[in-house]
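*Asks:* CSV, C-alpha atoms, saved as protein21.csv, coming up:
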```
chain,number,residue,atom,x,y,z
A,272,MET,CA,-59.1,59.4,-17.0
A,273,THR,CA,-60.4,63.0,-17.1
A,274,ALA,CA,-58.9,66.4,-17.6
A,275,ALA,CA,-60.6,69.8,-17.2
A,276,LEU,CA,-60.7,72.1,-20.2
A,277,ALA,CA,-61.2,75.7,-19.2
A,278,VAL,CA,-63.8,77.3,-21.4
A,279,SER,CA,-65.7,80.4,-20.2
A,280,ILE,CA,-69.3,80.5,-21.5
A,281,ALA,CA,-71.3,83.7,-21.4
A,282,PRO,CA,-74.7,83.7,-19.6
A,283,GLU,CA,-77.7,84.5,-21.8
A,284,ALA,CA,-80.6,84.0,-19.3
A,285,ALA,CA,-81.6,84.9,-15.8
A,286,GLN,CA,-81.0,81.4,-14.7
A,287,SER,CA,-77.3,81.8,-15.3
A,288,ALA,CA,-77.0,83.4,-11.9
A,289,VAL,CA,-77.6,80.0,-10.3
A,290,LEU,CA,-76.1,77.8,-13.0
A,291,ARG,CA,-72.6,77.1,-14.1
A,292,GLU,CA,-71.4,75.7,-17.4
A,293,HIS,CA,-68.1,74.2,-18.2
A,294,VAL,CA,-66.4,71.7,-20.5
A,295,GLN,CA,-64.9,68.4,-19.4
A,296,VAL,CA,-62.7,66.2,-21.5
A,297,LEU,CA,-63.1,62.4,-21.0
A,298,GLU,CA,-61.0,59.5,-22.2
A,299,SER,CA,-63.7,57.0,-23.2
A,300,ARG,CA,-61.4,54.4,-24.8
A,301,PRO,CA,-57.6,54.1,-24.9
A,302,GLY,CA,-56.3,57.1,-26.8
A,303,VAL,CA,-59.9,58.4,-27.6
A,304,ARG,CA,-61.4,61.5,-26.0
A,305,GLU,CA,-64.8,63.0,-26.0
A,306,MET,CA,-66.1,66.3,-24.7
A,307,LEU,CA,-68.8,66.9,-22.2
A,308,LEU,CA,-70.5,70.3,-22.1
A,309,VAL,CA,-71.9,70.5,-18.5
A,310,THR,CA,-74.7,72.8,-17.4
A,311,ALA,CA,-75.6,72.4,-13.7
A,312,ARG,CA,-77.0,74.2,-10.7
A,313,HIS,CA,-74.1,75.8,-8.9
A,314,ALA,CA,-75.2,75.6,-5.2
A,315,GLN,CA,-77.0,72.2,-5.5
A,316,SER,CA,-75.0,70.4,-8.1
A,317,ILE,CA,-73.9,67.6,-5.8
A,318,ASP,CA,-77.6,67.0,-4.8
A,319,ALA,CA,-79.0,67.0,-8.3
A,320,GLN,CA,-82.0,64.7,-8.6
A,321,HIS,CA,-81.7,64.1,-12.3
A,322,ALA,CA,-79.0,64.4,-14.9
A,323,VAL,CA,-79.7,64.4,-18.7
A,324,ILE,CA,-77.0,63.4,-21.2
A,325,VAL,CA,-77.7,65.1,-24.6
A,326,LEU,CA,-76.8,63.4,-27.8
A,327,VAL,CA,-76.6,65.8,-30.7
A,328,GLY,CA,-78.1,65.2,-34.2
A,329,GLY,CA,-76.5,65.6,-37.6
A,330,GLY,CA,-72.8,64.6,-37.4
A,331,GLY,CA,-72.9,65.1,-33.7
A,332,GLY,CA,-70.4,67.9,-33.4
A,333,PHE,CA,-70.1,71.0,-31.2
A,334,ALA,CA,-69.3,74.5,-32.4
A,335,VAL,CA,-67.7,77.4,-30.6
A,336,THR,CA,-68.6,81.0,-31.6
A,337,SER,CA,-67.7,84.3,-30.1
A,338,PHE,CA,-70.0,87.2,-29.3
A,339,ASP,CA,-68.8,90.5,-27.7
A,340,GLY,CA,-65.5,88.7,-27.0
A,341,MET,CA,-67.1,85.9,-25.0
A,342,PRO,CA,-67.0,82.3,-26.4
A,343,ARG,CA,-70.1,80.2,-26.6
A,344,VAL,CA,-70.3,76.5,-27.0
A,345,HIS,CA,-73.2,75.1,-29.1
A,346,GLY,CA,-74.1,71.5,-28.5
A,347,GLY,CA,-77.6,70.5,-29.6
A,348,LEU,CA,-79.9,72.3,-27.2
A,349,LEU,CA,-79.4,76.0,-27.3
A,350,LEU,CA,-77.9,77.6,-24.2
A,351,ALA,CA,-81.2,79.0,-22.9
A,352,GLN,CA,-82.8,75.6,-23.3
A,353,ARG,CA,-79.9,73.9,-21.5
A,354,GLN,CA,-80.2,76.3,-18.7
A,355,ARG,CA,-84.0,76.0,-18.5
A,356,LEU,CA,-83.8,72.2,-18.3
A,357,ALA,CA,-80.8,72.1,-15.9
A,358,SER,CA,-82.6,74.7,-13.7
A,359,ALA,CA,-85.7,72.4,-13.5
A,360,ILE,CA,-84.1,69.0,-13.1
A,361,GLY,CA,-80.5,69.5,-11.9
A,362,ALA,CA,-77.9,68.9,-14.6
A,363,VAL,CA,-77.5,68.7,-18.4
A,364,VAL,CA,-74.4,67.1,-20.0
A,365,ALA,CA,-74.1,67.3,-23.8
A,366,LEU,CA,-71.8,64.7,-25.3
A,367,SER,CA,-69.6,65.3,-28.3
A,368,PRO,CA,-68.4,62.8,-30.9
A,369,PRO,CA,-65.2,61.0,-30.0
A,370,THR,CA,-61.9,62.1,-31.5
A,371,ASP,CA,-61.7,59.0,-33.8
A,372,GLN,CA,-65.2,59.6,-35.2
A,373,PRO,CA,-65.6,63.4,-35.5
A,374,VAL,CA,-68.6,63.1,-37.8
A,375,MET,CA,-71.1,60.4,-36.6
A,376,ASN,CA,-73.4,58.6,-39.1
A,377,ARG,CA,-76.0,55.9,-38.6
A,378,THR,CA,-73.5,53.0,-38.8
A,379,TRP,CA,-71.5,54.6,-36.0
A,380,ARG,CA,-74.6,55.3,-33.8
A,381,LEU,CA,-75.3,51.5,-33.9
A,382,SER,CA,-71.7,50.5,-33.2
A,383,ASP,CA,-70.2,48.9,-30.1
A,384,ASN,CA,-67.7,51.7,-29.7
A,385,HIS,CA,-70.4,54.3,-29.6
A,386,VAL,CA,-72.0,52.3,-26.8
A,387,ILE,CA,-68.7,52.3,-24.9
A,388,ASP,CA,-68.4,56.1,-25.4
A,389,MET,CA,-71.9,56.7,-24.1
A,390,HIS,CA,-71.3,54.3,-21.2
A,391,ALA,CA,-68.2,56.3,-20.3
A,392,ALA,CA,-70.3,59.5,-20.2
A,393,VAL,CA,-73.0,57.8,-18.1
A,394,SER,CA,-70.3,56.5,-15.6
A,395,TRP,CA,-68.8,60.0,-15.3
A,396,THR,CA,-72.2,61.6,-14.8
A,397,ARG,CA,-73.1,59.1,-12.1
A,398,ARG,CA,-69.8,59.8,-10.3
A,399,GLN,CA,-70.6,63.5,-10.4
A,400,TRP,CA,-74.1,63.1,-9.1
A,401,PRO,CA,-74.3,59.7,-7.3
A,402,GLN,CA,-77.9,60.3,-6.1
A,403,ALA,CA,-79.2,61.4,-9.5
A,404,HIS,CA,-81.3,59.5,-12.0
A,405,THR,CA,-79.5,59.5,-15.4
A,406,TRP,CA,-81.3,60.0,-18.7
A,407,MET,CA,-80.3,60.2,-22.4
A,408,LEU,CA,-81.8,62.9,-24.5
A,409,GLY,CA,-81.4,62.6,-28.3
A,410,LEU,CA,-82.0,65.3,-30.9
A,411,ASN,CA,-83.0,64.2,-34.4
A,412,SER,CA,-80.6,61.4,-35.4
A,413,GLY,CA,-79.1,61.7,-31.9
A,414,ALA,CA,-82.4,60.1,-30.7
A,415,LEU,CA,-81.2,56.9,-32.4
A,416,SER,CA,-78.1,57.0,-30.2
A,417,ALA,CA,-80.3,57.5,-27.1
A,418,ALA,CA,-82.4,54.5,-28.1
A,419,VAL,CA,-79.3,52.4,-28.5
A,420,ALA,CA,-78.2,53.5,-25.1
A,421,THR,CA,-81.4,52.4,-23.4
A,422,ALA,CA,-81.1,49.0,-25.2
A,423,SER,CA,-77.4,48.6,-24.0
A,424,ILE,CA,-76.8,50.5,-20.8
A,425,GLU,CA,-78.6,49.3,-17.7
A,426,ASP,CA,-77.6,52.3,-15.5
A,427,LEU,CA,-80.2,54.6,-17.1
A,428,SER,CA,-83.6,55.6,-16.0
A,429,GLY,CA,-84.7,56.1,-19.6
A,430,ALA,CA,-84.5,58.4,-22.6
A,431,VAL,CA,-86.1,61.4,-24.3
A,432,LEU,CA,-86.3,61.3,-28.1
A,433,LEU,CA,-86.8,64.7,-29.7
A,434,SER,CA,-87.8,64.9,-33.4
A,435,CYS,CA,-86.7,61.2,-33.6
A,436,VAL,CA,-86.4,59.0,-36.6
A,437,ASN,CA,-88.9,56.0,-36.6
A,438,GLU,CA,-86.0,53.6,-36.1
A,439,ALA,CA,-85.3,55.0,-32.7
A,440,LEU,CA,-88.8,53.8,-31.5
A,441,ASP,CA,-88.1,50.2,-32.3
A,442,HIS,CA,-85.3,49.5,-29.8
A,443,ARG,CA,-86.1,47.4,-26.7
A,444,HIS,CA,-85.1,48.7,-23.4
A,445,LYS,CA,-82.3,47.0,-21.4
A,446,SER,CA,-84.5,47.2,-18.2
A,447,ASP,CA,-88.2,47.1,-17.7
A,448,ARG,CA,-88.0,50.0,-15.3
A,449,MET,CA,-86.8,52.5,-18.0
A,450,ARG,CA,-89.2,55.1,-19.3
A,451,VAL,CA,-89.0,56.7,-22.8
A,452,LEU,CA,-90.6,60.0,-24.0
A,453,ALA,CA,-90.9,60.7,-27.7
A,454,VAL,CA,-91.7,64.3,-28.8
A,455,ARG,CA,-92.3,65.0,-32.5
A,456,HIS,CA,-93.7,67.8,-34.6
A,457,ARG,CA,-97.0,67.0,-36.2
A,458,SER,CA,-95.4,67.3,-39.7
A,459,GLU,CA,-93.1,64.4,-38.7
A,460,CYS,CA,-95.9,62.1,-37.8
A,461,CYS,CA,-98.1,62.1,-40.9
A,462,ALA,CA,-96.5,59.2,-42.8
A,463,SER,CA,-95.9,56.9,-39.9
A,464,TYR,CA,-99.1,56.4,-37.8
A,465,ALA,CA,-98.6,52.6,-37.6
A,466,ALA,CA,-95.1,53.0,-36.1
A,467,LEU,CA,-96.3,55.7,-33.7
A,468,ALA,CA,-99.2,53.5,-32.6
A,469,HIS,CA,-96.8,50.7,-31.9
A,470,ALA,CA,-94.5,53.1,-30.0
A,471,ARG,CA,-97.4,54.5,-28.0
A,472,GLY,CA,-97.9,51.1,-26.4
A,473,ARG,CA,-94.4,51.2,-24.9
A,474,ASN,CA,-93.5,54.8,-24.6
A,475,THR,CA,-95.0,58.2,-23.8
A,476,PHE,CA,-95.6,60.1,-27.1
A,477,VAL,CA,-96.2,63.9,-27.4
A,478,THR,CA,-97.1,65.6,-30.6
A,479,VAL,CA,-96.3,69.3,-31.1
A,480,HIS,CA,-98.9,71.3,-33.1
A,481,ASP,CA,-98.2,74.6,-34.6
A,482,GLU,CA,-99.7,76.3,-37.7
A,483,ARG,CA,-96.8,78.7,-38.1
A,484,GLN,CA,-94.0,78.0,-40.6
A,485,ILE,CA,-91.1,76.5,-38.8
A,486,ARG,CA,-88.3,79.1,-38.4
A,487,PRO,CA,-85.4,78.2,-40.7
A,488,LEU,CA,-82.0,77.7,-38.9
A,489,ASN,CA,-78.6,78.1,-40.3
A,490,GLY,CA,-75.3,76.2,-40.0
A,491,HIS,CA,-74.7,74.3,-36.8
A,492,GLU,CA,-78.2,75.0,-35.5
A,493,ALA,CA,-79.9,73.5,-38.6
A,494,ALA,CA,-77.8,70.3,-38.4
A,495,ASN,CA,-78.5,69.6,-34.7
A,496,ALA,CA,-81.5,71.4,-33.2
A,497,PRO,CA,-85.0,70.0,-33.6
A,498,GLN,CA,-87.5,72.6,-34.7
A,499,PHE,CA,-90.8,72.9,-33.0
A,500,GLY,CA,-92.3,76.0,-34.6
A,501,GLY,CA,-91.3,78.4,-31.8
A,502,LYS,CA,-92.5,76.0,-29.0
A,503,GLU,CA,-89.0,74.9,-28.0
A,504,HIS,CA,-89.3,76.2,-24.4
A,505,GLN,CA,-92.7,74.5,-24.0
A,506,VAL,CA,-91.1,71.3,-25.2
A,507,VAL,CA,-88.3,71.7,-22.6
A,508,ASP,CA,-90.9,72.3,-19.9
A,509,VAL,CA,-92.8,69.1,-20.9
A,510,VAL,CA,-89.6,67.1,-20.9
A,511,ALA,CA,-88.7,68.4,-17.4
A,512,ARG,CA,-92.2,67.7,-16.1
A,513,TRP,CA,-92.1,64.2,-17.5
A,514,ILE,CA,-88.7,63.4,-16.0
A,515,LEU,CA,-89.8,64.7,-12.6
A,516,THR,CA,-93.3,63.2,-12.5
A,517,GLY,CA,-93.7,60.8,-15.3
A,518,MET,CA,-96.6,62.9,-16.6
A,519,ALA,CA,-96.9,64.5,-20.1
A,520,PRO,CA,-99.7,65.9,-22.2
A,521,GLU,CA,-100.5,64.1,-25.5
A,522,GLU,CA,-100.2,67.4,-27.4
A,523,ILE,CA,-98.5,70.7,-27.2
A,524,ARG,CA,-100.5,73.5,-29.0
```
Just dump the structure as C-alpha cells.

*Replies:*
Amino acid sequence: MTAALAVSIAPEAAQSAVLREHVQVLESRPGVREMLLVTARHAQSIDAQHAVIVLVGGGGGFAVTSFDGMPRVHGGLLLAQRQRLASAIGAVVALSPPTDQPVMNRTWRLSDNHVIDMHAAVSWTRRQWPQAHTWMLGLNSGALSAAVATASIEDLSGAVLLSCVNEALDHRHKSDRMRVLAVRHRSECCASYAALAHARGRNTFVTVHDERQIRPLNGHEAANAPQFGGKEHQVVDVVARWILTGMAPEEIR
C-alpha cells in the first residue's frame, strides 16, 4: 500500500534539469510506514538500468530544511551527490526509519522487522524499474543495514558500504552473484588490517587517501554523511563506475 506525499525539493545542480526528486510513503508492515526519498532521471526513469537504495547512518532519520522558501530533504547523501549518482546510474532511493522505530540502533539494524522494511523498499523499487538491477548503499552504520540486506534479500545485485563498520564486512551474501564494494577513508583502516584483508578476498575494497583535515559537519550531516576529506564527488563517481562496470581503483587520492 503506497501513498504519494507531495514535497517540492529545490534543484542545486545542473543535473536537476533532467532529474526529478520526490517523496513516497510506503506501508512496510501493517500500520507501519517508511519514507522513500526518490531521485531519478525524468525522461528515462522507466528504463533505468540500476537503482540504489540508500540506508542512512546514525539514527537513520531524514531532516527537512528551508532555504529561500524552498524545502530541502536531507537523507544521507547530499542532494548534489544523489543527483550525481542518479544521473550516472538511473535512480537513487533513500530509505527512512519506520514509524515504529524512528531512531535506529545496532539491535534494530540486525532485526527481522528491519529486513522486512528493507525488503518492502526493494519490492517497491523493482516495481518502479522492472529492468533495473537493485543495490543497497549504506552510510556509516547504515552499511551494517546494507550488509544485513545482502545476507537476507535475494533480489539484490549487491551493496556499497561507505565508511562502514568492520561488522558490516563479515556478513555472508544471500546469493553468490552479489557484488559488494567497501569504501573507507585511510584513517578508518589503520586499526583493522586483518579484517580488511579478509574482506578483500570477498569484496572490492577502495581506500580514500587525503592529507587534508576532514571538514567538520554539523547536525544532521554529521550524524549521517561519511566524510572523505573533500573527495565525496570522486567517491560517488567510483561507486557509479563500479556499479556499471564492476571495476574500481584500489585507492582514491

*Asks:* Do a neighbour search on Phe476 of chain A at 7 Å with all atoms listed in the file, toss out local chain neighbours closer than 4 positions, and write the hits as a PyMOL selection string.

*Replies:* chain A and resi 452-454+471+521

*Asks:* Could you tell me, as a list of chain:residue names, which residues have any atom at most 9 Å from (-60.2, 56.3, -32.4), counting only C-alpha atoms?

*Replies:* A:Arg300, A:Pro301, A:Gly302, A:Val303, A:Arg304, A:Pro369, A:Thr370, A:Asp371, A:Gln372

*Asks:* Padding of 4 Å on every side, edges along x, y and z, all listed atoms of segment 403-408 of chain A included: what centre and edge lengths in Å, to one decimal, does that box have, as AutoDock Vina command-line options?

*Replies:*
```
--center_x -80.5 --center_y 61.2 --center_z -17.0 --size_x 10.6 --size_y 11.4 --size_z 23.0
```

*Asks:* Check the smallest atom-to-atom distance from each of A:Val509, A:Val364, A:Leu433, A:Met407 to Thr421 of chain A using all atoms listed in the file, then report the winner.

*Replies:*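 That would be A:Met407, the residue with the smallest distance to Thr421 of chain A.
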
*Asks:* Could you jot down the atom CA of Pro373 of chain A to atom CA of His442 of chain A separation for me, Å, one decimal place?

*Replies:* 24.8 Å

*Asks:* In Å, with one decimal, what is the gap from atom CA of Phe499 of chain A to atom CA of Pro520 of chain A?

*Replies:*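 Calculated distance between atom CA of Phe499 of chain A and atom CA of Pro520 of chain A is 15.6 Å.
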
*Asks:* Could you check the closest approach to Asn376 of chain A for each of A:Gln505, A:Ser446, A:Ser412, A:Thr475 and tell me which residue wins, using all atoms listed in the file?

*Replies:*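 Closest candidate: A:Ser412.
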
*Asks:* A:Ala362, A:Leu356, A:Val419, A:Ala351: which is nearest Val309 of chain A, counting all atoms listed in the file?

*Replies:*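 With all atoms listed in the file as the atom set, the closest residue is A:Ala362.
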
*Asks:* So what do you get for atom CA of Val327 of chain A versus atom CA of Arg455 of chain A, distance-wise?

*Replies:*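 Answer for the atom CA of Val327 of chain A to atom CA of Arg455 of chain A separation: 15.8 Å.
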
*Asks:* Between A:Ile387, A:Met306, A:Val507, A:Val436, which one has atoms that come closest to Ala420 of chain A, using all atoms listed in the file?

*Replies:*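 Among the listed residues, A:Ile387 lies closest to Ala420 of chain A.
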
*Asks:* Using only C-alpha atoms, which of the listed residues (A:His321, A:Arg398, A:Arg524, A:His390) sits closest to Ser358 of chain A?

*Replies:*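 Answer, going by the shortest atom-to-atom distance: A:His321.
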
*Asks:* Pull the neighbourhood of (-82.3, 60.2, -11.6) for me: all residues within 8 Å in file coordinates, counting all atoms listed in the file, as a compact mmCIF listing (two decimals) with C-alpha atoms, keeping the file's coordinate frame.

*Replies:*
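Printed below is part04.txt as written:
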```
# COMPACT_ATOMS: atom_id res chain seq x y z
CA GLN A 320 -82.00 64.70 -8.60
CA HIS A 321 -81.70 64.10 -12.30
CA ALA A 322 -79.00 64.40 -14.90
CA GLN A 402 -77.90 60.30 -6.10
CA ALA A 403 -79.20 61.40 -9.50
CA HIS A 404 -81.30 59.50 -12.00
CA THR A 405 -79.50 59.50 -15.40
CA TRP A 406 -81.30 60.00 -18.70
CA SER A 428 -83.60 55.60 -16.00
```

*Asks:* Tell me, as a PDB file with C-alpha atoms, keeping the file's coordinate frame, which residues lie within 6 Å of Glu522 of chain A, counting all atoms listed in the file; anything in the same chain fewer than 2 positions away does not count.

*Replies:*
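Okay, out_31.pdb is ready:
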```pdb
ATOM      1  CA  VAL A 477     -96.200  63.900 -27.400  1.00  0.00           C
ATOM      2  CA  THR A 478     -97.100  65.600 -30.600  1.00  0.00           C
ATOM      3  CA  VAL A 479     -96.300  69.300 -31.100  1.00  0.00           C
ATOM      4  CA  PRO A 520     -99.700  65.900 -22.200  1.00  0.00           C
TER       5      PRO A 520
END
```

*Asks:* Let me make sure I understand: among A:Ile523, A:Val431, A:Val323, A:Leu381, which one has the smallest atom-to-atom distance to Glu503 of chain A if we use all atoms listed in the file?

*Replies:*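 The closest residue to Glu503 of chain A is A:Ile523.
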
*Asks:* Restrict the output to segment 355-367 of chain A and N, CA, C and O atoms, then write it as an mmCIF file, in the first residue's frame.

*Replies:*
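Result written to selection_12.cif:
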```cif
data_model
loop_
_atom_site.group_PDB
_atom_site.id
_atom_site.type_symbol
_atom_site.label_atom_id
_atom_site.label_comp_id
_atom_site.auth_asym_id
_atom_site.auth_seq_id
_atom_site.Cartn_x
_atom_site.Cartn_y
_atom_site.Cartn_z
ATOM 1 N N ARG A 355 24.139 13.363 -8.703
ATOM 2 C CA ARG A 355 25.294 12.886 -9.468
ATOM 3 C C ARG A 355 25.196 11.369 -9.688
ATOM 4 O O ARG A 355 25.435 10.866 -10.793
ATOM 5 N N LEU A 356 24.848 10.640 -8.632
ATOM 6 C CA LEU A 356 24.746 9.192 -8.734
ATOM 7 C C LEU A 356 23.552 8.779 -9.590
ATOM 8 O O LEU A 356 23.664 7.900 -10.450
ATOM 9 N N ALA A 357 22.402 9.423 -9.372
ATOM 10 C CA ALA A 357 21.209 9.091 -10.163
ATOM 11 C C ALA A 357 21.427 9.404 -11.635
ATOM 12 O O ALA A 357 20.981 8.646 -12.511
ATOM 13 N N SER A 358 22.109 10.501 -11.930
ATOM 14 C CA SER A 358 22.382 10.853 -13.315
ATOM 15 C C SER A 358 23.241 9.801 -13.988
ATOM 16 O O SER A 358 23.077 9.507 -15.178
ATOM 17 N N ALA A 359 24.135 9.176 -13.227
ATOM 18 C CA ALA A 359 25.054 8.191 -13.791
ATOM 19 C C ALA A 359 24.428 6.813 -13.949
ATOM 20 O O ALA A 359 24.677 6.123 -14.945
ATOM 21 N N ILE A 360 23.605 6.410 -12.970
ATOM 22 C CA ILE A 360 23.148 5.008 -12.976
ATOM 23 C C ILE A 360 21.641 4.848 -13.161
ATOM 24 O O ILE A 360 21.174 3.761 -13.485
ATOM 25 N N GLY A 361 20.837 5.889 -12.928
ATOM 26 C CA GLY A 361 19.402 5.781 -13.163
ATOM 27 C C GLY A 361 18.525 6.276 -12.046
ATOM 28 O O GLY A 361 17.714 7.169 -12.243
ATOM 29 N N ALA A 362 18.653 5.714 -10.837
ATOM 30 C CA ALA A 362 17.754 6.096 -9.747
ATOM 31 C C ALA A 362 18.410 5.865 -8.397
ATOM 32 O O ALA A 362 19.156 4.898 -8.205
ATOM 33 N N VAL A 363 18.110 6.774 -7.457
ATOM 34 C CA VAL A 363 18.583 6.662 -6.076
ATOM 35 C C VAL A 363 17.371 6.809 -5.162
ATOM 36 O O VAL A 363 16.594 7.756 -5.302
ATOM 37 N N VAL A 364 17.212 5.869 -4.223
ATOM 38 C CA VAL A 364 16.069 5.863 -3.313
ATOM 39 C C VAL A 364 16.595 5.800 -1.881
ATOM 40 O O VAL A 364 17.146 4.778 -1.458
ATOM 41 N N ALA A 365 16.472 6.896 -1.132
ATOM 42 C CA ALA A 365 16.910 6.909 0.263
ATOM 43 C C ALA A 365 15.770 6.438 1.156
ATOM 44 O O ALA A 365 14.631 6.878 1.006
ATOM 45 N N LEU A 366 16.077 5.533 2.079
ATOM 46 C CA LEU A 366 15.067 4.910 2.930
ATOM 47 C C LEU A 366 15.137 5.460 4.342
ATOM 48 O O LEU A 366 16.193 5.446 4.986
ATOM 49 N N SER A 367 13.986 5.932 4.857
ATOM 50 C CA SER A 367 13.922 6.469 6.220
ATOM 51 C C SER A 367 13.684 5.343 7.223
ATOM 52 O O SER A 367 13.334 4.221 6.856
#
```
